[in-house]
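Shown next: my_file_39.txt, containing compact mmCIF, N, CA and C atoms and all ligand atoms.
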# COMPACT_ATOMS: atom_id res chain seq x y z
N MET A 252 23.59 37.74 24.93
CA MET A 252 24.40 37.43 23.76
C MET A 252 23.84 38.15 22.53
N LYS A 253 24.73 38.72 21.74
CA LYS A 253 24.28 39.36 20.51
C LYS A 253 23.84 38.29 19.51
N LEU A 254 22.78 38.61 18.80
CA LEU A 254 22.30 37.69 17.77
C LEU A 254 22.47 38.31 16.39
N TYR A 255 22.73 37.46 15.43
CA TYR A 255 22.91 37.87 14.05
C TYR A 255 21.99 37.02 13.17
N MET A 256 21.78 37.44 11.97
CA MET A 256 21.13 36.60 10.96
C MET A 256 22.10 36.43 9.79
N ALA A 257 21.86 35.41 9.00
CA ALA A 257 22.72 35.20 7.83
C ALA A 257 21.98 34.40 6.78
N SER A 258 22.36 34.61 5.54
CA SER A 258 21.90 33.73 4.46
C SER A 258 22.17 32.29 4.88
N ALA A 259 21.16 31.45 4.76
CA ALA A 259 21.29 30.08 5.25
C ALA A 259 22.41 29.31 4.55
N CYS A 260 22.65 29.65 3.27
CA CYS A 260 23.70 28.94 2.55
C CYS A 260 25.07 29.21 3.18
N LEU A 261 25.26 30.40 3.73
CA LEU A 261 26.54 30.72 4.37
C LEU A 261 26.74 29.91 5.66
N ALA A 262 25.63 29.49 6.26
CA ALA A 262 25.72 28.69 7.49
C ALA A 262 25.87 27.20 7.19
N GLY A 263 25.84 26.84 5.91
CA GLY A 263 26.08 25.45 5.53
C GLY A 263 24.88 24.73 4.96
N ALA A 264 23.74 25.40 4.83
CA ALA A 264 22.56 24.74 4.26
C ALA A 264 22.71 24.60 2.74
N ALA A 265 22.26 23.49 2.22
CA ALA A 265 22.32 23.24 0.77
C ALA A 265 21.07 23.81 0.10
N CYS A 266 20.89 25.12 0.23
CA CYS A 266 19.65 25.76 -0.24
C CYS A 266 19.87 26.59 -1.49
N ARG A 267 21.09 26.57 -2.07
CA ARG A 267 21.31 27.36 -3.27
C ARG A 267 20.48 26.81 -4.43
N TYR A 268 20.32 27.61 -5.45
CA TYR A 268 19.43 27.22 -6.54
C TYR A 268 19.79 25.86 -7.13
N ASN A 269 21.09 25.57 -7.15
CA ASN A 269 21.54 24.31 -7.75
C ASN A 269 21.82 23.23 -6.70
N GLY A 270 21.50 23.52 -5.45
CA GLY A 270 21.69 22.54 -4.39
C GLY A 270 23.11 22.42 -3.89
N GLU A 271 24.03 23.22 -4.46
CA GLU A 271 25.42 23.16 -4.00
C GLU A 271 25.57 23.82 -2.64
N VAL A 272 26.58 23.40 -1.91
CA VAL A 272 26.90 24.01 -0.62
C VAL A 272 28.05 24.98 -0.81
N LYS A 273 27.89 26.20 -0.34
CA LYS A 273 28.97 27.20 -0.39
C LYS A 273 29.05 27.89 0.96
N THR A 274 29.54 27.16 1.92
CA THR A 274 29.56 27.65 3.29
C THR A 274 30.56 28.79 3.45
N GLY A 275 30.19 29.80 4.24
CA GLY A 275 31.15 30.80 4.68
C GLY A 275 31.67 30.38 6.05
N GLU A 276 32.98 30.15 6.15
CA GLU A 276 33.51 29.56 7.38
C GLU A 276 33.22 30.41 8.61
N LYS A 277 33.33 31.74 8.46
CA LYS A 277 33.05 32.63 9.60
C LYS A 277 31.61 32.46 10.06
N ILE A 278 30.69 32.42 9.10
CA ILE A 278 29.27 32.31 9.46
C ILE A 278 28.96 30.94 10.02
N ARG A 279 29.56 29.92 9.46
CA ARG A 279 29.34 28.56 9.95
C ARG A 279 29.78 28.46 11.42
N ALA A 280 30.93 29.05 11.72
CA ALA A 280 31.43 29.01 13.10
C ALA A 280 30.49 29.77 14.03
N MET A 281 30.00 30.92 13.59
CA MET A 281 29.04 31.67 14.41
C MET A 281 27.75 30.87 14.62
N PHE A 282 27.30 30.19 13.56
CA PHE A 282 26.09 29.37 13.65
C PHE A 282 26.29 28.25 14.68
N GLU A 283 27.45 27.62 14.65
CA GLU A 283 27.71 26.51 15.57
C GLU A 283 27.81 27.00 17.01
N ARG A 284 28.13 28.28 17.20
CA ARG A 284 28.15 28.85 18.56
C ARG A 284 26.76 29.36 18.96
N GLY A 285 25.78 29.23 18.07
CA GLY A 285 24.42 29.66 18.40
C GLY A 285 24.18 31.14 18.27
N GLU A 286 25.05 31.82 17.51
CA GLU A 286 24.95 33.28 17.40
C GLU A 286 24.16 33.75 16.18
N VAL A 287 23.89 32.83 15.27
CA VAL A 287 23.31 33.21 13.98
C VAL A 287 21.98 32.49 13.73
N VAL A 288 21.00 33.26 13.32
CA VAL A 288 19.72 32.70 12.86
C VAL A 288 19.78 32.68 11.33
N PRO A 289 19.84 31.49 10.71
CA PRO A 289 19.90 31.44 9.26
C PRO A 289 18.53 31.58 8.62
N PHE A 290 18.49 32.15 7.43
CA PHE A 290 17.24 32.24 6.68
C PHE A 290 17.56 32.26 5.20
N CYS A 291 16.65 31.72 4.41
CA CYS A 291 16.82 31.72 2.95
C CYS A 291 15.57 32.35 2.35
N PRO A 292 15.68 33.56 1.86
CA PRO A 292 14.49 34.23 1.33
C PRO A 292 13.81 33.47 0.19
N GLU A 293 14.59 32.79 -0.63
CA GLU A 293 13.97 32.10 -1.77
C GLU A 293 13.15 30.90 -1.31
N LEU A 294 13.65 30.17 -0.31
CA LEU A 294 12.84 29.07 0.23
C LEU A 294 11.65 29.63 1.00
N LEU A 295 11.84 30.71 1.72
CA LEU A 295 10.72 31.33 2.44
C LEU A 295 9.64 31.79 1.47
N GLY A 296 10.03 32.09 0.25
CA GLY A 296 9.07 32.50 -0.77
C GLY A 296 8.40 31.33 -1.46
N GLY A 297 8.76 30.11 -1.06
CA GLY A 297 8.09 28.94 -1.60
C GLY A 297 8.83 28.24 -2.73
N MET A 298 10.04 28.67 -3.00
CA MET A 298 10.78 28.03 -4.08
C MET A 298 11.41 26.72 -3.60
N GLU A 299 11.81 25.90 -4.57
CA GLU A 299 12.31 24.57 -4.25
C GLU A 299 13.80 24.47 -4.56
N ILE A 300 14.39 23.35 -4.16
CA ILE A 300 15.78 23.04 -4.49
C ILE A 300 15.77 21.76 -5.33
N PRO A 301 16.34 21.70 -6.50
CA PRO A 301 16.91 22.85 -7.22
C PRO A 301 15.80 23.71 -7.82
N ARG A 302 16.21 24.90 -8.26
CA ARG A 302 15.31 25.83 -8.95
C ARG A 302 16.14 26.54 -10.02
N PRO A 303 15.50 27.16 -10.98
CA PRO A 303 16.27 27.84 -12.03
C PRO A 303 17.06 29.02 -11.45
N ALA A 304 18.20 29.31 -12.07
CA ALA A 304 18.92 30.54 -11.73
C ALA A 304 18.05 31.73 -12.11
N MET A 305 18.08 32.77 -11.29
CA MET A 305 17.23 33.94 -11.53
C MET A 305 18.08 35.20 -11.64
N VAL A 306 17.54 36.19 -12.33
CA VAL A 306 18.22 37.47 -12.48
C VAL A 306 17.20 38.60 -12.33
N LEU A 307 17.70 39.74 -11.84
CA LEU A 307 16.86 40.94 -11.80
C LEU A 307 16.83 41.55 -13.20
N SER A 308 15.68 42.04 -13.58
CA SER A 308 15.51 42.63 -14.91
C SER A 308 14.82 43.98 -14.78
N GLY A 309 15.48 45.02 -15.28
CA GLY A 309 14.87 46.35 -15.26
C GLY A 309 15.20 47.17 -14.03
N GLY A 310 16.10 46.67 -13.18
CA GLY A 310 16.48 47.42 -11.99
C GLY A 310 16.94 46.48 -10.89
N ASP A 311 17.22 47.04 -9.73
CA ASP A 311 17.71 46.24 -8.61
C ASP A 311 16.55 45.78 -7.71
N GLY A 312 16.92 45.21 -6.56
CA GLY A 312 15.88 44.71 -5.67
C GLY A 312 14.96 45.80 -5.18
N GLY A 313 15.50 46.98 -4.96
CA GLY A 313 14.66 48.10 -4.54
C GLY A 313 13.62 48.43 -5.59
N ALA A 314 14.03 48.38 -6.85
CA ALA A 314 13.08 48.63 -7.94
C ALA A 314 12.03 47.54 -8.00
N ALA A 315 12.44 46.30 -7.69
CA ALA A 315 11.45 45.22 -7.65
C ALA A 315 10.43 45.47 -6.55
N LEU A 316 10.90 45.98 -5.40
CA LEU A 316 9.96 46.31 -4.31
C LEU A 316 8.99 47.40 -4.77
N ASP A 317 9.48 48.30 -5.59
CA ASP A 317 8.64 49.42 -6.05
C ASP A 317 7.80 49.07 -7.27
N GLY A 318 7.98 47.85 -7.79
CA GLY A 318 7.17 47.40 -8.92
C GLY A 318 7.70 47.82 -10.27
N THR A 319 8.95 48.31 -10.32
CA THR A 319 9.50 48.75 -11.61
C THR A 319 10.57 47.81 -12.16
N ALA A 320 10.86 46.73 -11.46
CA ALA A 320 11.78 45.70 -11.95
C ALA A 320 11.16 44.34 -11.65
N ARG A 321 11.64 43.34 -12.35
CA ARG A 321 11.12 41.99 -12.15
C ARG A 321 12.29 41.05 -11.87
N VAL A 322 11.97 39.89 -11.32
CA VAL A 322 12.95 38.82 -11.19
C VAL A 322 12.50 37.70 -12.11
N LEU A 323 13.38 37.37 -13.04
CA LEU A 323 13.05 36.37 -14.05
C LEU A 323 14.03 35.20 -13.96
N THR A 324 13.58 34.03 -14.40
CA THR A 324 14.56 32.95 -14.57
C THR A 324 15.58 33.40 -15.60
N ARG A 325 16.79 32.89 -15.47
CA ARG A 325 17.87 33.38 -16.33
C ARG A 325 17.55 33.20 -17.82
N ASP A 326 16.77 32.18 -18.14
CA ASP A 326 16.39 32.00 -19.55
C ASP A 326 15.20 32.89 -19.93
N GLY A 327 14.72 33.66 -18.96
CA GLY A 327 13.67 34.63 -19.25
C GLY A 327 12.28 34.05 -19.32
N GLY A 328 12.15 32.75 -19.04
CA GLY A 328 10.87 32.12 -19.26
C GLY A 328 9.83 32.35 -18.18
N VAL A 329 10.28 32.54 -16.94
CA VAL A 329 9.33 32.56 -15.83
C VAL A 329 9.56 33.79 -14.96
N ASP A 330 8.48 34.48 -14.62
CA ASP A 330 8.53 35.63 -13.73
C ASP A 330 8.39 35.14 -12.29
N CYS A 331 9.43 35.31 -11.49
CA CYS A 331 9.45 34.82 -10.11
C CYS A 331 9.30 35.96 -9.11
N THR A 332 8.90 37.12 -9.57
CA THR A 332 8.89 38.30 -8.71
C THR A 332 8.01 38.11 -7.47
N GLY A 333 6.85 37.53 -7.66
CA GLY A 333 5.93 37.36 -6.53
C GLY A 333 6.54 36.53 -5.41
N ALA A 334 7.18 35.43 -5.77
CA ALA A 334 7.80 34.57 -4.76
C ALA A 334 8.97 35.29 -4.09
N MET A 335 9.72 36.06 -4.87
CA MET A 335 10.86 36.80 -4.30
C MET A 335 10.37 37.85 -3.30
N LEU A 336 9.29 38.53 -3.63
CA LEU A 336 8.75 39.54 -2.72
C LEU A 336 8.22 38.88 -1.45
N GLU A 337 7.55 37.75 -1.60
CA GLU A 337 7.02 37.05 -0.43
C GLU A 337 8.17 36.57 0.47
N GLY A 338 9.21 36.03 -0.14
CA GLY A 338 10.36 35.59 0.64
C GLY A 338 11.02 36.74 1.37
N ALA A 339 11.11 37.90 0.72
CA ALA A 339 11.69 39.08 1.37
C ALA A 339 10.83 39.50 2.56
N ARG A 340 9.53 39.49 2.38
CA ARG A 340 8.64 39.89 3.48
C ARG A 340 8.76 38.92 4.65
N ARG A 341 8.87 37.64 4.38
CA ARG A 341 9.01 36.65 5.46
C ARG A 341 10.37 36.79 6.15
N GLY A 342 11.39 37.07 5.36
CA GLY A 342 12.70 37.32 5.97
C GLY A 342 12.66 38.53 6.88
N LEU A 343 11.96 39.56 6.45
CA LEU A 343 11.81 40.76 7.29
C LEU A 343 11.08 40.42 8.58
N ALA A 344 10.06 39.58 8.51
CA ALA A 344 9.32 39.20 9.72
C ALA A 344 10.24 38.52 10.72
N ILE A 345 11.13 37.67 10.21
CA ILE A 345 12.10 37.02 11.11
C ILE A 345 13.03 38.06 11.71
N ALA A 346 13.50 38.97 10.88
CA ALA A 346 14.42 40.01 11.38
C ALA A 346 13.76 40.89 12.44
N LEU A 347 12.50 41.19 12.26
CA LEU A 347 11.80 42.02 13.24
C LEU A 347 11.67 41.28 14.57
N ALA A 348 11.61 39.96 14.53
CA ALA A 348 11.53 39.17 15.77
C ALA A 348 12.91 39.00 16.40
N VAL A 349 13.92 38.76 15.56
CA VAL A 349 15.28 38.47 16.08
C VAL A 349 16.01 39.74 16.50
N ARG A 350 15.77 40.84 15.78
CA ARG A 350 16.49 42.11 15.99
C ARG A 350 18.00 41.89 15.95
N PRO A 351 18.53 41.39 14.83
CA PRO A 351 19.96 41.07 14.75
C PRO A 351 20.84 42.31 14.74
N GLU A 352 22.04 42.14 15.27
CA GLU A 352 23.05 43.21 15.22
C GLU A 352 23.40 43.53 13.77
N THR A 353 23.61 42.48 13.00
CA THR A 353 23.98 42.58 11.59
C THR A 353 23.37 41.38 10.87
N ILE A 354 23.04 41.57 9.60
CA ILE A 354 22.58 40.46 8.78
C ILE A 354 23.64 40.22 7.70
N PHE A 355 24.25 39.04 7.72
CA PHE A 355 25.28 38.67 6.74
C PHE A 355 24.59 38.03 5.54
N LEU A 356 24.85 38.57 4.36
CA LEU A 356 24.14 38.12 3.17
C LEU A 356 25.11 37.70 2.08
N LYS A 357 24.74 36.61 1.40
CA LYS A 357 25.59 36.06 0.34
C LYS A 357 25.65 37.01 -0.86
N ALA A 358 26.85 37.26 -1.31
CA ALA A 358 27.05 38.15 -2.45
C ALA A 358 26.49 37.54 -3.74
N ARG A 359 26.15 38.44 -4.66
CA ARG A 359 25.74 38.08 -6.02
C ARG A 359 24.54 37.13 -6.06
N SER A 360 23.54 37.47 -5.28
CA SER A 360 22.27 36.74 -5.31
C SER A 360 21.16 37.74 -5.60
N PRO A 361 20.19 37.39 -6.44
CA PRO A 361 19.07 38.32 -6.67
C PRO A 361 18.21 38.53 -5.44
N SER A 362 18.41 37.72 -4.41
CA SER A 362 17.72 37.92 -3.12
C SER A 362 18.64 38.60 -2.11
N CYS A 363 19.84 38.06 -1.96
CA CYS A 363 20.69 38.43 -0.83
C CYS A 363 21.82 39.39 -1.19
N GLY A 364 22.07 39.65 -2.45
CA GLY A 364 23.19 40.52 -2.84
C GLY A 364 23.08 41.90 -2.18
N CYS A 365 24.21 42.40 -1.65
CA CYS A 365 24.15 43.72 -1.00
C CYS A 365 25.49 44.41 -0.94
N GLY A 366 26.53 43.84 -1.54
CA GLY A 366 27.85 44.43 -1.43
C GLY A 366 28.10 45.55 -2.43
N ALA A 367 29.18 46.30 -2.20
CA ALA A 367 29.57 47.34 -3.14
C ALA A 367 29.83 46.71 -4.50
N GLY A 368 29.25 47.29 -5.53
CA GLY A 368 29.44 46.76 -6.87
C GLY A 368 28.52 45.59 -7.19
N ASP A 369 27.79 45.14 -6.23
CA ASP A 369 26.84 44.04 -6.43
C ASP A 369 25.47 44.65 -6.73
N VAL A 370 24.65 43.96 -7.47
CA VAL A 370 23.25 44.39 -7.65
C VAL A 370 22.50 44.01 -6.39
N GLU A 371 21.90 44.99 -5.73
CA GLU A 371 21.22 44.68 -4.47
C GLU A 371 20.00 43.80 -4.73
N GLY A 372 19.90 42.72 -3.96
CA GLY A 372 18.81 41.79 -4.12
C GLY A 372 17.52 42.27 -3.46
N VAL A 373 16.46 41.52 -3.68
CA VAL A 373 15.14 41.93 -3.21
C VAL A 373 15.06 41.91 -1.68
N ALA A 374 15.47 40.81 -1.07
CA ALA A 374 15.41 40.72 0.40
C ALA A 374 16.37 41.73 1.02
N ALA A 375 17.55 41.86 0.45
CA ALA A 375 18.52 42.83 0.97
C ALA A 375 17.94 44.25 0.93
N ALA A 376 17.30 44.59 -0.15
CA ALA A 376 16.74 45.94 -0.29
C ALA A 376 15.67 46.20 0.76
N LEU A 377 14.82 45.20 0.99
CA LEU A 377 13.75 45.41 1.98
C LEU A 377 14.34 45.54 3.39
N LEU A 378 15.30 44.68 3.72
CA LEU A 378 15.92 44.74 5.05
C LEU A 378 16.66 46.06 5.24
N ARG A 379 17.32 46.53 4.20
CA ARG A 379 18.03 47.81 4.32
C ARG A 379 17.04 48.96 4.52
N ARG A 380 15.94 48.93 3.76
CA ARG A 380 14.94 49.99 3.91
C ARG A 380 14.36 50.03 5.32
N LYS A 381 14.31 48.88 5.96
CA LYS A 381 13.75 48.83 7.32
C LYS A 381 14.80 49.10 8.39
N GLY A 382 16.01 49.46 7.95
CA GLY A 382 17.01 49.94 8.90
C GLY A 382 17.98 48.92 9.42
N PHE A 383 17.97 47.71 8.89
CA PHE A 383 18.89 46.68 9.38
C PHE A 383 20.28 46.88 8.77
N SER A 384 21.28 46.54 9.56
CA SER A 384 22.67 46.60 9.14
C SER A 384 23.00 45.35 8.33
N LEU A 385 23.50 45.54 7.12
CA LEU A 385 23.80 44.42 6.23
C LEU A 385 25.29 44.33 5.96
N GLU A 386 25.78 43.11 5.81
CA GLU A 386 27.18 42.91 5.41
C GLU A 386 27.23 41.81 4.36
N SER A 387 27.91 42.10 3.26
CA SER A 387 28.02 41.15 2.17
C SER A 387 29.17 40.18 2.43
N ILE A 388 28.90 38.89 2.19
CA ILE A 388 29.92 37.85 2.35
C ILE A 388 30.03 37.09 1.03
N GLU A 389 31.26 36.86 0.58
CA GLU A 389 31.45 36.10 -0.67
C GLU A 389 31.10 34.65 -0.49
S1 LIG B 401 21.95 33.46 -1.39
FE1 LIG B 401 20.10 33.84 -0.16
S2 LIG B 401 18.39 33.14 -1.44
FE2 LIG B 401 20.28 32.27 -2.29
S3 LIG B 401 20.45 30.24 -1.34
FE3 LIG B 401 21.64 31.67 -0.08
S4 LIG B 401 20.18 32.31 1.50
FE4 LIG B 401 18.97 31.41 -0.14

Have the structure of the file written as structure tokens, please.
Ligand code: SF4
Amino acid sequence: MKLYMASACLAGAACRYNGEVKTGEKIRAMFERGEVVPFCPELLGGMEIPRPAMVLSGGDGGAALDGTARVLTRDGGVDCTGAMLEGARRGLAIALAVRPETIFLKARSPSCGCGAGDVEGVAAALLRRKGFSLESIE
């Protein structure tokens, strides 16, 4: 059976920064069939629910990997870059074990964003650099 990975929030986990659930029905159905391994880079990085909304500053997730951009809380008070990088690295470790066909990632997230016109998130950038196939889901 082919295996996939997906942002855990798309599979129905209440792991978004504000604790809200925003399930993607396609991903939820795949999860219930046992086809999807869910992961949340921000929780893997040690963040909690709820947590402040975060934004990339000075570049995209790739720039954050390169040390030229930061991830800050939306009010600018706290630098969360270290946790975001750790979460991305842990997500990559899971992907290297699972070897998913595709990784479905939630749009407009500083971790998971990867769609056209979206700012690529930190975890998405690392997974893309390592050759994984990514698909953005609203
Ligand atoms: S978009 Fe990514 S980091 Fe944000 S809650 Fe969903 S899985 Fe976690």

What are the nearest atom pairs, with distances in Å to one decimal, for all residues of chain A that come at most 6.5 Å from ligand LIG 401 (chain B), using all atoms listed in the file, set out by chain and rising residue number as a tab-separated table?
residue	atom	partner	partner_atom	distance
A:Ala257	C	B:LIG401	S4	6.0
A:Ser258	CA	B:LIG401	S4	3.7
A:Ala259	N	B:LIG401	S4	3.5
A:Cys260	N	B:LIG401	S4	4.0
A:Leu261	N	B:LIG401	FE3	5.4
A:Cys266	C	B:LIG401	S3	3.7
A:Arg267	CA	B:LIG401	S3	3.6
A:Tyr268	N	B:LIG401	S3	4.9
A:Phe290	C	B:LIG401	S4	4.5
A:Cys291	CA	B:LIG401	S4	3.7
A:Pro292	N	B:LIG401	S2	4.3
A:Glu293	N	B:LIG401	S2	3.9
A:Leu294	N	B:LIG401	FE4	5.5
A:Leu356	C	B:LIG401	S1	6.3
A:Lys357	CA	B:LIG401	S1	4.8
A:Ala358	N	B:LIG401	S1	6.2
A:Arg359	C	B:LIG401	S1	6.5
A:Ser360	CA	B:LIG401	S1	5.1
A:Ser362	CA	B:LIG401	S2	5.1
A:Cys363	N	B:LIG401	FE1	4.6
A:Gly364	N	B:LIG401	S1	6.3

### Query
Between atom C of Glu283 of chain A and atom CA of Leu377 of chain A, what is the spacing in Å?
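Atom-to-atom, atom CA of Leu377 of chain A to atom C of Glu283 of chain A, that is 27.6 Å.
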
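For the atom pair formed by atom N of Leu385 of chain A and atom CA of Gly296 of chain A, the distance is 21.0 Å, given to one decimal.
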
### Query
Quick one: distance from atom C of Leu316 of chain A to atom CA of Pro351 of chain A in Å, one decimal?
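We find that atom C of Leu316 of chain A and atom CA of Pro351 of chain A lie 23.3 Å from each other.
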
### Spatial neighbours of segment 271-280 of chain A, max dist 6.5 Å, only N, CA and C atoms, sep filter under 6 positions, as a PyMOL selection string
chain A and resi 260-265+389

### Query
Looking at A:Pro289, A:Arg284, A:Met298, A:Lys381, which one is nearest to Ala334 of chain A, with distances taken over only N, CA and C atoms?
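Checking each of A:Pro289, A:Arg284, A:Met298, A:Lys381 against Ala334 of chain A, counting only N, CA and C atoms, the winner is A:Met298.
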
#### Entry: Counting only C-alpha atoms, the residue of A:Leu378, A:Cys331, A:Met281, A:Val306 that sits nearest Ile345 of chain A
A:Leu378

### Query
In chain A, what's helix (DSSP H, G or I) per DSSP? Answer as a PyMOL selection string?
chain A and resi 259-262+276-283+292-295+312-317+332-349+373-380

### Per-residue DSSP, segment 258-365 of chain A, filtered to strand (DSSP E), as a ChimeraX atom specification
/A:258,287-290,305-308,321-324,354-357

Can you write just those residues out, N, CA and C atoms, as a short mmCIF file (atom, residue, chain, number, x, y, z; two decimals), keeping the file's coordinate frame?
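The new file result.cif reads:
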data_model
loop_
_atom_site.label_atom_id
_atom_site.label_comp_id
_atom_site.auth_asym_id
_atom_site.auth_seq_id
_atom_site.Cartn_x
_atom_site.Cartn_y
_atom_site.Cartn_z
N SER A 258 22.36 34.61 5.54
CA SER A 258 21.90 33.73 4.46
C SER A 258 22.17 32.29 4.88
N VAL A 287 23.89 32.83 15.27
CA VAL A 287 23.31 33.21 13.98
C VAL A 287 21.98 32.49 13.73
N VAL A 288 21.00 33.26 13.32
CA VAL A 288 19.72 32.70 12.86
C VAL A 288 19.78 32.68 11.33
N PRO A 289 19.84 31.49 10.71
CA PRO A 289 19.90 31.44 9.26
C PRO A 289 18.53 31.58 8.62
N PHE A 290 18.49 32.15 7.43
CA PHE A 290 17.24 32.24 6.68
C PHE A 290 17.56 32.26 5.20
N MET A 305 18.08 32.77 -11.29
CA MET A 305 17.23 33.94 -11.53
C MET A 305 18.08 35.20 -11.64
N VAL A 306 17.54 36.19 -12.33
CA VAL A 306 18.22 37.47 -12.48
C VAL A 306 17.20 38.60 -12.33
N LEU A 307 17.70 39.74 -11.84
CA LEU A 307 16.86 40.94 -11.80
C LEU A 307 16.83 41.55 -13.20
N SER A 308 15.68 42.04 -13.58
CA SER A 308 15.51 42.63 -14.91
C SER A 308 14.82 43.98 -14.78
N ARG A 321 11.64 43.34 -12.35
CA ARG A 321 11.12 41.99 -12.15
C ARG A 321 12.29 41.05 -11.87
N VAL A 322 11.97 39.89 -11.32
CA VAL A 322 12.95 38.82 -11.19
C VAL A 322 12.50 37.70 -12.11
N LEU A 323 13.38 37.37 -13.04
CA LEU A 323 13.05 36.37 -14.05
C LEU A 323 14.03 35.20 -13.96
N THR A 324 13.58 34.03 -14.40
CA THR A 324 14.56 32.95 -14.57
C THR A 324 15.58 33.40 -15.60
N ILE A 354 23.04 41.57 9.60
CA ILE A 354 22.58 40.46 8.78
C ILE A 354 23.64 40.22 7.70
N PHE A 355 24.25 39.04 7.72
CA PHE A 355 25.28 38.67 6.74
C PHE A 355 24.59 38.03 5.54
N LEU A 356 24.85 38.57 4.36
CA LEU A 356 24.14 38.12 3.17
C LEU A 356 25.11 37.70 2.08
N LYS A 357 24.74 36.61 1.40
CA LYS A 357 25.59 36.06 0.34
C LYS A 357 25.65 37.01 -0.86
#

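The closest residue to Leu343 of chain A, picked from A:Val329, A:Ala367, A:Ala374, A:Val287 and counting all atoms listed in the file, is A:Ala374.
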
### Summary
Asp326 of chain A proximity check over A:Met305, A:Cys365, A:Ala348, A:Ile354, using only C-alpha atoms: winner is A:Met305

### Message
Please determine, counting all atoms listed in the file, which residue among A:Met256, A:Leu336, A:Asn269, A:Gly372 has the shortest atom-to-atom distance to Thr353 of chain A.
### Response
A:Met256

### Message
Please list as a list of chain:residue names every residue within 8 Å of Ala314 of chain A, counting only N, CA and C atoms and excluding residues in the same chain fewer than 6 positions away.
### Response
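Within the cut-off, the hits are A:Ala320, A:Arg321, A:Glu371, A:Gly372, A:Val373, A:Ala376.
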
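Distances to Leu323 of chain A were evaluated for A:Pro361, A:Gly342, A:Glu337, A:Gly297 using only C-alpha atoms, and the minimum falls at A:Pro361.
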
Determine the axis-aligned bounding box of all atoms of segment 255-265 of chain A present in the file, pad each side by 6 Å, and express its centre and edge lengths in Å to one decimal place as lines of an AutoDock Vina configuration file.
center_x = 23.9
center_y = 30.6
center_z = 7.8
size_x = 17.7
size_y = 26.6
size_z = 27.3

Export C-alpha atoms of segment 300-320 of chain A from the structure just given, as an mmCIF file, in the first residue's frame?
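File decode_20.cif, as written:
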data_model
loop_
_atom_site.group_PDB
_atom_site.id
_atom_site.type_symbol
_atom_site.label_atom_id
_atom_site.label_comp_id
_atom_site.auth_asym_id
_atom_site.auth_seq_id
_atom_site.Cartn_x
_atom_site.Cartn_y
_atom_site.Cartn_z
ATOM 1 C CA ILE A 300 -1.612 24.455 21.880
ATOM 2 C CA PRO A 301 -2.628 27.233 21.901
ATOM 3 C CA ARG A 302 0.424 29.211 20.819
ATOM 4 C CA PRO A 303 0.847 32.655 19.277
ATOM 5 C CA ALA A 304 0.326 33.093 15.545
ATOM 6 C CA MET A 305 3.705 33.237 13.804
ATOM 7 C CA VAL A 306 5.012 34.833 10.630
ATOM 8 C CA LEU A 307 8.163 34.554 8.555
ATOM 9 C CA SER A 308 10.255 37.709 8.616
ATOM 10 C CA GLY A 309 12.986 38.556 6.120
ATOM 11 C CA GLY A 310 12.320 35.709 3.699
ATOM 12 C CA ASP A 311 10.626 32.347 3.256
ATOM 13 C CA GLY A 312 11.187 29.015 4.961
ATOM 14 C CA GLY A 313 14.185 28.291 2.770
ATOM 15 C CA ALA A 314 15.774 31.531 3.935
ATOM 16 C CA ALA A 315 15.056 30.522 7.527
ATOM 17 C CA LEU A 316 16.901 27.244 6.878
ATOM 18 C CA ASP A 317 19.811 29.286 5.534
ATOM 19 C CA GLY A 318 19.794 31.607 8.540
ATOM 20 C CA THR A 319 18.729 34.729 6.648
ATOM 21 C CA ALA A 320 15.080 34.853 7.789
#
